[in-house]
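Next comes upload13.csv, with CSV, C-alpha atoms.
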```csv
chain,number,residue,atom,x,y,z
P,1,MET,CA,-4.5,-36.6,28.6
P,2,THR,CA,-5.4,-33.0,27.9
P,3,TYR,CA,-6.5,-31.3,24.8
P,4,PHE,CA,-4.6,-28.1,25.4
P,5,LYS,CA,-2.7,-28.1,22.2
P,6,TYR,CA,-5.8,-28.9,20.1
P,7,VAL,CA,-7.8,-26.1,21.8
P,8,ALA,CA,-4.9,-23.6,21.6
P,9,MET,CA,-4.4,-24.3,17.8
P,10,ALA,CA,-8.2,-24.0,17.3
P,11,TYR,CA,-8.2,-20.6,18.9
P,12,ALA,CA,-5.1,-19.5,17.0
P,13,VAL,CA,-6.7,-20.5,13.7
P,14,PHE,CA,-9.9,-18.7,14.7
P,15,PHE,CA,-8.0,-15.4,15.5
P,16,ILE,CA,-6.0,-15.6,12.3
P,17,VAL,CA,-9.2,-16.0,10.2
P,18,LEU,CA,-10.8,-13.2,12.3
P,19,ALA,CA,-7.9,-10.9,11.6
P,20,TRP,CA,-8.0,-11.8,7.9
P,21,ASP,CA,-11.7,-11.0,7.7
P,22,PHE,CA,-11.0,-7.6,9.4
P,23,ILE,CA,-8.0,-6.5,7.3
P,24,VAL,CA,-8.7,-7.8,3.7
P,25,PRO,CA,-11.9,-5.8,3.1
P,26,ARG,CA,-10.3,-2.6,4.2
P,27,LEU,CA,-7.4,-3.2,1.8
P,28,GLN,CA,-9.8,-3.9,-1.1
P,29,ILE,CA,-11.8,-0.7,-0.3
P,30,ARG,CA,-8.6,1.3,-0.2
P,31,ARG,CA,-7.5,-0.1,-3.6
P,32,GLN,CA,-10.9,0.6,-5.2
P,33,LEU,CA,-11.0,4.1,-3.9
P,34,ARG,CA,-7.5,4.8,-5.2
P,35,GLN,CA,-8.5,3.4,-8.6
P,36,ALA,CA,-11.7,5.6,-8.7
P,37,ARG,CA,-9.7,8.7,-7.7
P,38,SER,CA,-7.3,8.0,-10.5
P,39,ARG,CA,-10.1,7.6,-13.0
P,40,VAL,CA,-11.6,10.9,-11.9
P,41,ALA,CA,-8.2,12.6,-12.2
P,42,ARG,CA,-7.7,11.2,-15.7
P,43,ALA,CA,-11.2,12.4,-16.7
P,44,ARG,CA,-10.4,15.8,-15.4
P,45,GLN,CA,-7.1,15.9,-17.4
P,46,ALA,CA,-8.8,14.7,-20.6
P,47,THR,CA,-11.7,17.1,-20.5
P,48,GLN,CA,-10.1,20.0,-18.5
P,49,VAL,CA,-13.6,20.4,-17.0
P,50,PRO,CA,-13.8,20.3,-13.2
P,51,VAL,CA,-15.8,17.3,-11.9
P,52,ASP,CA,-17.8,18.3,-8.9
P,53,GLU,CA,-18.9,14.9,-7.8
P,54,GLU,CA,-17.2,13.7,-4.7
P,55,LEU,CA,-16.4,10.0,-4.1
P,56,SER,CA,-18.3,8.2,-1.5
P,57,ARG,CA,-18.9,4.6,-0.4
```
Can I see the file as structure tokens?
Amino acid sequence: MTYFKYVAMAYAVFFIVLAWDFIVPRLQIRRQLRQARSRVARARQATQVPVDEELSR
């Protein structure tokens, strides 16, 4: 009796979780930066005064 299926599934789950931990934070950062840029654009439109602050993490 071998444990190949068990070990293979364990590695598969590990790599799925690893990929999830790699991808999701980048998507969240991208969404937050897009929201911040749109807030800055709305502020510029509302005041018609250029905002010189650049976005950074």
For Leu55 (chain P), the nearest of the candidates P:Ile23, P:Arg34, P:Ala43, P:Ala8, counting all atoms listed in the file: P:Arg34
Please report the interatomic distance between CA of Glu54 (chain P) and CA of Arg31 (chain P) in Å with one decimal.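 Interatomic distance, CA of Glu54 (chain P) to CA of Arg31 (chain P): 16.9 Å.
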Long-range neighbours of Arg30 (chain P) as a PyMOL selection string, 12 Å cut-off, all atoms listed in the file, 6 positions minimum in chain: chain P and resi 23-24+36-37+56-57
When you draw a straight line from CA of Ala12 (chain P) to CA of Leu27 (chain P), how long is it in Å? 22.4 Å
Distance CA of Val17 (chain P)-CA of Tyr3 (chain P), one decimal place?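 The value is 21.3 Å.
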Work out where the centre of an axis-aligned box around every listed atom of region 17-22 of chain P lies and how long its edges are once 5 Å is added on each side; give both in Å to one decimal as AutoDock Vina command-line options.
```
--center_x -9.8 --center_y -11.8 --center_z 10.0 --size_x 13.8 --size_y 18.4 --size_z 14.6
```
At the level of N, CA, C and O atoms, write region 12-42 of chain P to a file as a PDB file, in the first residue's frame, please.
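Output contents, as saved in part09.pdb:
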```pdb
ATOM      1  N   ALA P  12      -0.840  19.150  -4.070  1.00  0.00           N
ATOM      2  CA  ALA P  12      -1.738  19.944  -4.914  1.00  0.00           C
ATOM      3  C   ALA P  12      -2.423  21.032  -4.099  1.00  0.00           C
ATOM      4  O   ALA P  12      -2.475  22.194  -4.522  1.00  0.00           O
ATOM      5  N   VAL P  13      -2.918  20.670  -2.931  1.00  0.00           N
ATOM      6  CA  VAL P  13      -3.555  21.662  -2.063  1.00  0.00           C
ATOM      7  C   VAL P  13      -2.547  22.721  -1.647  1.00  0.00           C
ATOM      8  O   VAL P  13      -2.847  23.920  -1.637  1.00  0.00           O
ATOM      9  N   PHE P  14      -1.341  22.315  -1.307  1.00  0.00           N
ATOM     10  CA  PHE P  14      -0.292  23.254  -0.921  1.00  0.00           C
ATOM     11  C   PHE P  14      -0.021  24.257  -2.035  1.00  0.00           C
ATOM     12  O   PHE P  14       0.058  25.470  -1.791  1.00  0.00           O
ATOM     13  N   PHE P  15       0.114  23.793  -3.267  1.00  0.00           N
ATOM     14  CA  PHE P  15       0.415  24.698  -4.371  1.00  0.00           C
ATOM     15  C   PHE P  15      -0.771  25.597  -4.712  1.00  0.00           C
ATOM     16  O   PHE P  15      -0.582  26.749  -5.113  1.00  0.00           O
ATOM     17  N   ILE P  16      -1.976  25.105  -4.538  1.00  0.00           N
ATOM     18  CA  ILE P  16      -3.156  25.952  -4.759  1.00  0.00           C
ATOM     19  C   ILE P  16      -3.198  27.081  -3.742  1.00  0.00           C
ATOM     20  O   ILE P  16      -3.416  28.249  -4.087  1.00  0.00           O
ATOM     21  N   VAL P  17      -2.951  26.755  -2.474  1.00  0.00           N
ATOM     22  CA  VAL P  17      -2.938  27.788  -1.429  1.00  0.00           C
ATOM     23  C   VAL P  17      -1.782  28.756  -1.650  1.00  0.00           C
ATOM     24  O   VAL P  17      -1.926  29.968  -1.471  1.00  0.00           O
ATOM     25  N   LEU P  18      -0.642  28.260  -2.048  1.00  0.00           N
ATOM     26  CA  LEU P  18       0.514  29.116  -2.329  1.00  0.00           C
ATOM     27  C   LEU P  18       0.202  30.085  -3.465  1.00  0.00           C
ATOM     28  O   LEU P  18       0.517  31.278  -3.381  1.00  0.00           O
ATOM     29  N   ALA P  19      -0.427  29.600  -4.513  1.00  0.00           N
ATOM     30  CA  ALA P  19      -0.804  30.471  -5.631  1.00  0.00           C
ATOM     31  C   ALA P  19      -1.829  31.505  -5.185  1.00  0.00           C
ATOM     32  O   ALA P  19      -1.749  32.681  -5.560  1.00  0.00           O
ATOM     33  N   TRP P  20      -2.793  31.084  -4.376  1.00  0.00           N
ATOM     34  CA  TRP P  20      -3.809  32.010  -3.854  1.00  0.00           C
ATOM     35  C   TRP P  20      -3.152  33.122  -3.042  1.00  0.00           C
ATOM     36  O   TRP P  20      -3.478  34.299  -3.199  1.00  0.00           O
ATOM     37  N   ASP P  21      -2.220  32.770  -2.172  1.00  0.00           N
ATOM     38  CA  ASP P  21      -1.522  33.755  -1.356  1.00  0.00           C
ATOM     39  C   ASP P  21      -0.653  34.680  -2.195  1.00  0.00           C
ATOM     40  O   ASP P  21      -0.321  35.793  -1.779  1.00  0.00           O
ATOM     41  N   PHE P  22      -0.249  34.248  -3.368  1.00  0.00           N
ATOM     42  CA  PHE P  22       0.556  35.081  -4.249  1.00  0.00           C
ATOM     43  C   PHE P  22      -0.310  36.043  -5.064  1.00  0.00           C
ATOM     44  O   PHE P  22       0.025  37.209  -5.235  1.00  0.00           O
ATOM     45  N   ILE P  23      -1.457  35.571  -5.544  1.00  0.00           N
ATOM     46  CA  ILE P  23      -2.279  36.344  -6.476  1.00  0.00           C
ATOM     47  C   ILE P  23      -3.206  37.334  -5.785  1.00  0.00           C
ATOM     48  O   ILE P  23      -3.313  38.492  -6.198  1.00  0.00           O
ATOM     49  N   VAL P  24      -3.885  36.918  -4.742  1.00  0.00           N
ATOM     50  CA  VAL P  24      -4.939  37.740  -4.127  1.00  0.00           C
ATOM     51  C   VAL P  24      -4.422  39.083  -3.601  1.00  0.00           C
ATOM     52  O   VAL P  24      -5.048  40.112  -3.865  1.00  0.00           O
ATOM     53  N   PRO P  25      -3.297  39.144  -2.886  1.00  0.00           N
ATOM     54  CA  PRO P  25      -2.842  40.457  -2.423  1.00  0.00           C
ATOM     55  C   PRO P  25      -2.542  41.423  -3.573  1.00  0.00           C
ATOM     56  O   PRO P  25      -2.807  42.619  -3.470  1.00  0.00           O
ATOM     57  N   ARG P  26      -2.019  40.912  -4.661  1.00  0.00           N
ATOM     58  CA  ARG P  26      -1.740  41.781  -5.808  1.00  0.00           C
ATOM     59  C   ARG P  26      -3.026  42.330  -6.412  1.00  0.00           C
ATOM     60  O   ARG P  26      -3.079  43.486  -6.828  1.00  0.00           O
ATOM     61  N   LEU P  27      -4.063  41.509  -6.464  1.00  0.00           N
ATOM     62  CA  LEU P  27      -5.350  41.987  -6.967  1.00  0.00           C
ATOM     63  C   LEU P  27      -5.945  43.044  -6.036  1.00  0.00           C
ATOM     64  O   LEU P  27      -6.518  44.034  -6.496  1.00  0.00           O
ATOM     65  N   GLN P  28      -5.802  42.848  -4.731  1.00  0.00           N
ATOM     66  CA  GLN P  28      -6.313  43.822  -3.771  1.00  0.00           C
ATOM     67  C   GLN P  28      -5.567  45.149  -3.874  1.00  0.00           C
ATOM     68  O   GLN P  28      -6.179  46.220  -3.833  1.00  0.00           O
ATOM     69  N   ILE P  29      -4.251  45.092  -4.026  1.00  0.00           N
ATOM     70  CA  ILE P  29      -3.455  46.316  -4.166  1.00  0.00           C
ATOM     71  C   ILE P  29      -3.840  47.044  -5.446  1.00  0.00           C
ATOM     72  O   ILE P  29      -3.997  48.266  -5.456  1.00  0.00           O
ATOM     73  N   ARG P  30      -4.020  46.297  -6.537  1.00  0.00           N
ATOM     74  CA  ARG P  30      -4.412  46.910  -7.799  1.00  0.00           C
ATOM     75  C   ARG P  30      -5.760  47.627  -7.668  1.00  0.00           C
ATOM     76  O   ARG P  30      -5.932  48.746  -8.138  1.00  0.00           O
ATOM     77  N   ARG P  31      -6.724  46.962  -6.998  1.00  0.00           N
ATOM     78  CA  ARG P  31      -8.043  47.560  -6.809  1.00  0.00           C
ATOM     79  C   ARG P  31      -7.960  48.819  -5.939  1.00  0.00           C
ATOM     80  O   ARG P  31      -8.567  49.845  -6.255  1.00  0.00           O
ATOM     81  N   GLN P  32      -7.181  48.775  -4.875  1.00  0.00           N
ATOM     82  CA  GLN P  32      -7.063  49.932  -3.989  1.00  0.00           C
ATOM     83  C   GLN P  32      -6.369  51.102  -4.676  1.00  0.00           C
ATOM     84  O   GLN P  32      -6.750  52.259  -4.480  1.00  0.00           O
ATOM     85  N   LEU P  33      -5.352  50.829  -5.480  1.00  0.00           N
ATOM     86  CA  LEU P  33      -4.683  51.901  -6.223  1.00  0.00           C
ATOM     87  C   LEU P  33      -5.625  52.524  -7.246  1.00  0.00           C
ATOM     88  O   LEU P  33      -5.628  53.747  -7.436  1.00  0.00           O
ATOM     89  N   ARG P  34      -6.434  51.702  -7.910  1.00  0.00           N
ATOM     90  CA  ARG P  34      -7.406  52.221  -8.870  1.00  0.00           C
ATOM     91  C   ARG P  34      -8.424  53.119  -8.164  1.00  0.00           C
ATOM     92  O   ARG P  34      -8.765  54.192  -8.664  1.00  0.00           O
ATOM     93  N   GLN P  35      -8.880  52.707  -6.984  1.00  0.00           N
ATOM     94  CA  GLN P  35      -9.827  53.532  -6.229  1.00  0.00           C
ATOM     95  C   GLN P  35      -9.193  54.845  -5.784  1.00  0.00           C
ATOM     96  O   GLN P  35      -9.823  55.897  -5.843  1.00  0.00           O
ATOM     97  N   ALA P  36      -7.936  54.792  -5.347  1.00  0.00           N
ATOM     98  CA  ALA P  36      -7.249  56.007  -4.917  1.00  0.00           C
ATOM     99  C   ALA P  36      -7.047  56.962  -6.089  1.00  0.00           C
ATOM    100  O   ALA P  36      -7.227  58.175  -5.953  1.00  0.00           O
ATOM    101  N   ARG P  37      -6.687  56.419  -7.241  1.00  0.00           N
ATOM    102  CA  ARG P  37      -6.514  57.281  -8.414  1.00  0.00           C
ATOM    103  C   ARG P  37      -7.831  57.926  -8.830  1.00  0.00           C
ATOM    104  O   ARG P  37      -7.853  59.096  -9.237  1.00  0.00           O
ATOM    105  N   SER P  38      -8.920  57.189  -8.723  1.00  0.00           N
ATOM    106  CA  SER P  38     -10.204  57.772  -9.091  1.00  0.00           C
ATOM    107  C   SER P  38     -10.621  58.840  -8.089  1.00  0.00           C
ATOM    108  O   SER P  38     -11.209  59.855  -8.476  1.00  0.00           O
ATOM    109  N   ARG P  39     -10.294  58.650  -6.804  1.00  0.00           N
ATOM    110  CA  ARG P  39     -10.579  59.701  -5.812  1.00  0.00           C
ATOM    111  C   ARG P  39      -9.793  60.959  -6.118  1.00  0.00           C
ATOM    112  O   ARG P  39     -10.309  62.079  -6.023  1.00  0.00           O
ATOM    113  N   VAL P  40      -8.526  60.812  -6.484  1.00  0.00           N
ATOM    114  CA  VAL P  40      -7.697  61.967  -6.832  1.00  0.00           C
ATOM    115  C   VAL P  40      -8.258  62.660  -8.068  1.00  0.00           C
ATOM    116  O   VAL P  40      -8.331  63.889  -8.121  1.00  0.00           O
ATOM    117  N   ALA P  41      -8.681  61.884  -9.048  1.00  0.00           N
ATOM    118  CA  ALA P  41      -9.249  62.470 -10.266  1.00  0.00           C
ATOM    119  C   ALA P  41     -10.539  63.231  -9.957  1.00  0.00           C
ATOM    120  O   ALA P  41     -10.760  64.329 -10.486  1.00  0.00           O
ATOM    121  N   ARG P  42     -11.373  62.671  -9.096  1.00  0.00           N
ATOM    122  CA  ARG P  42     -12.606  63.377  -8.712  1.00  0.00           C
ATOM    123  C   ARG P  42     -12.281  64.653  -7.944  1.00  0.00           C
ATOM    124  O   ARG P  42     -12.923  65.682  -8.130  1.00  0.00           O
TER     125      ARG P  42
END
```
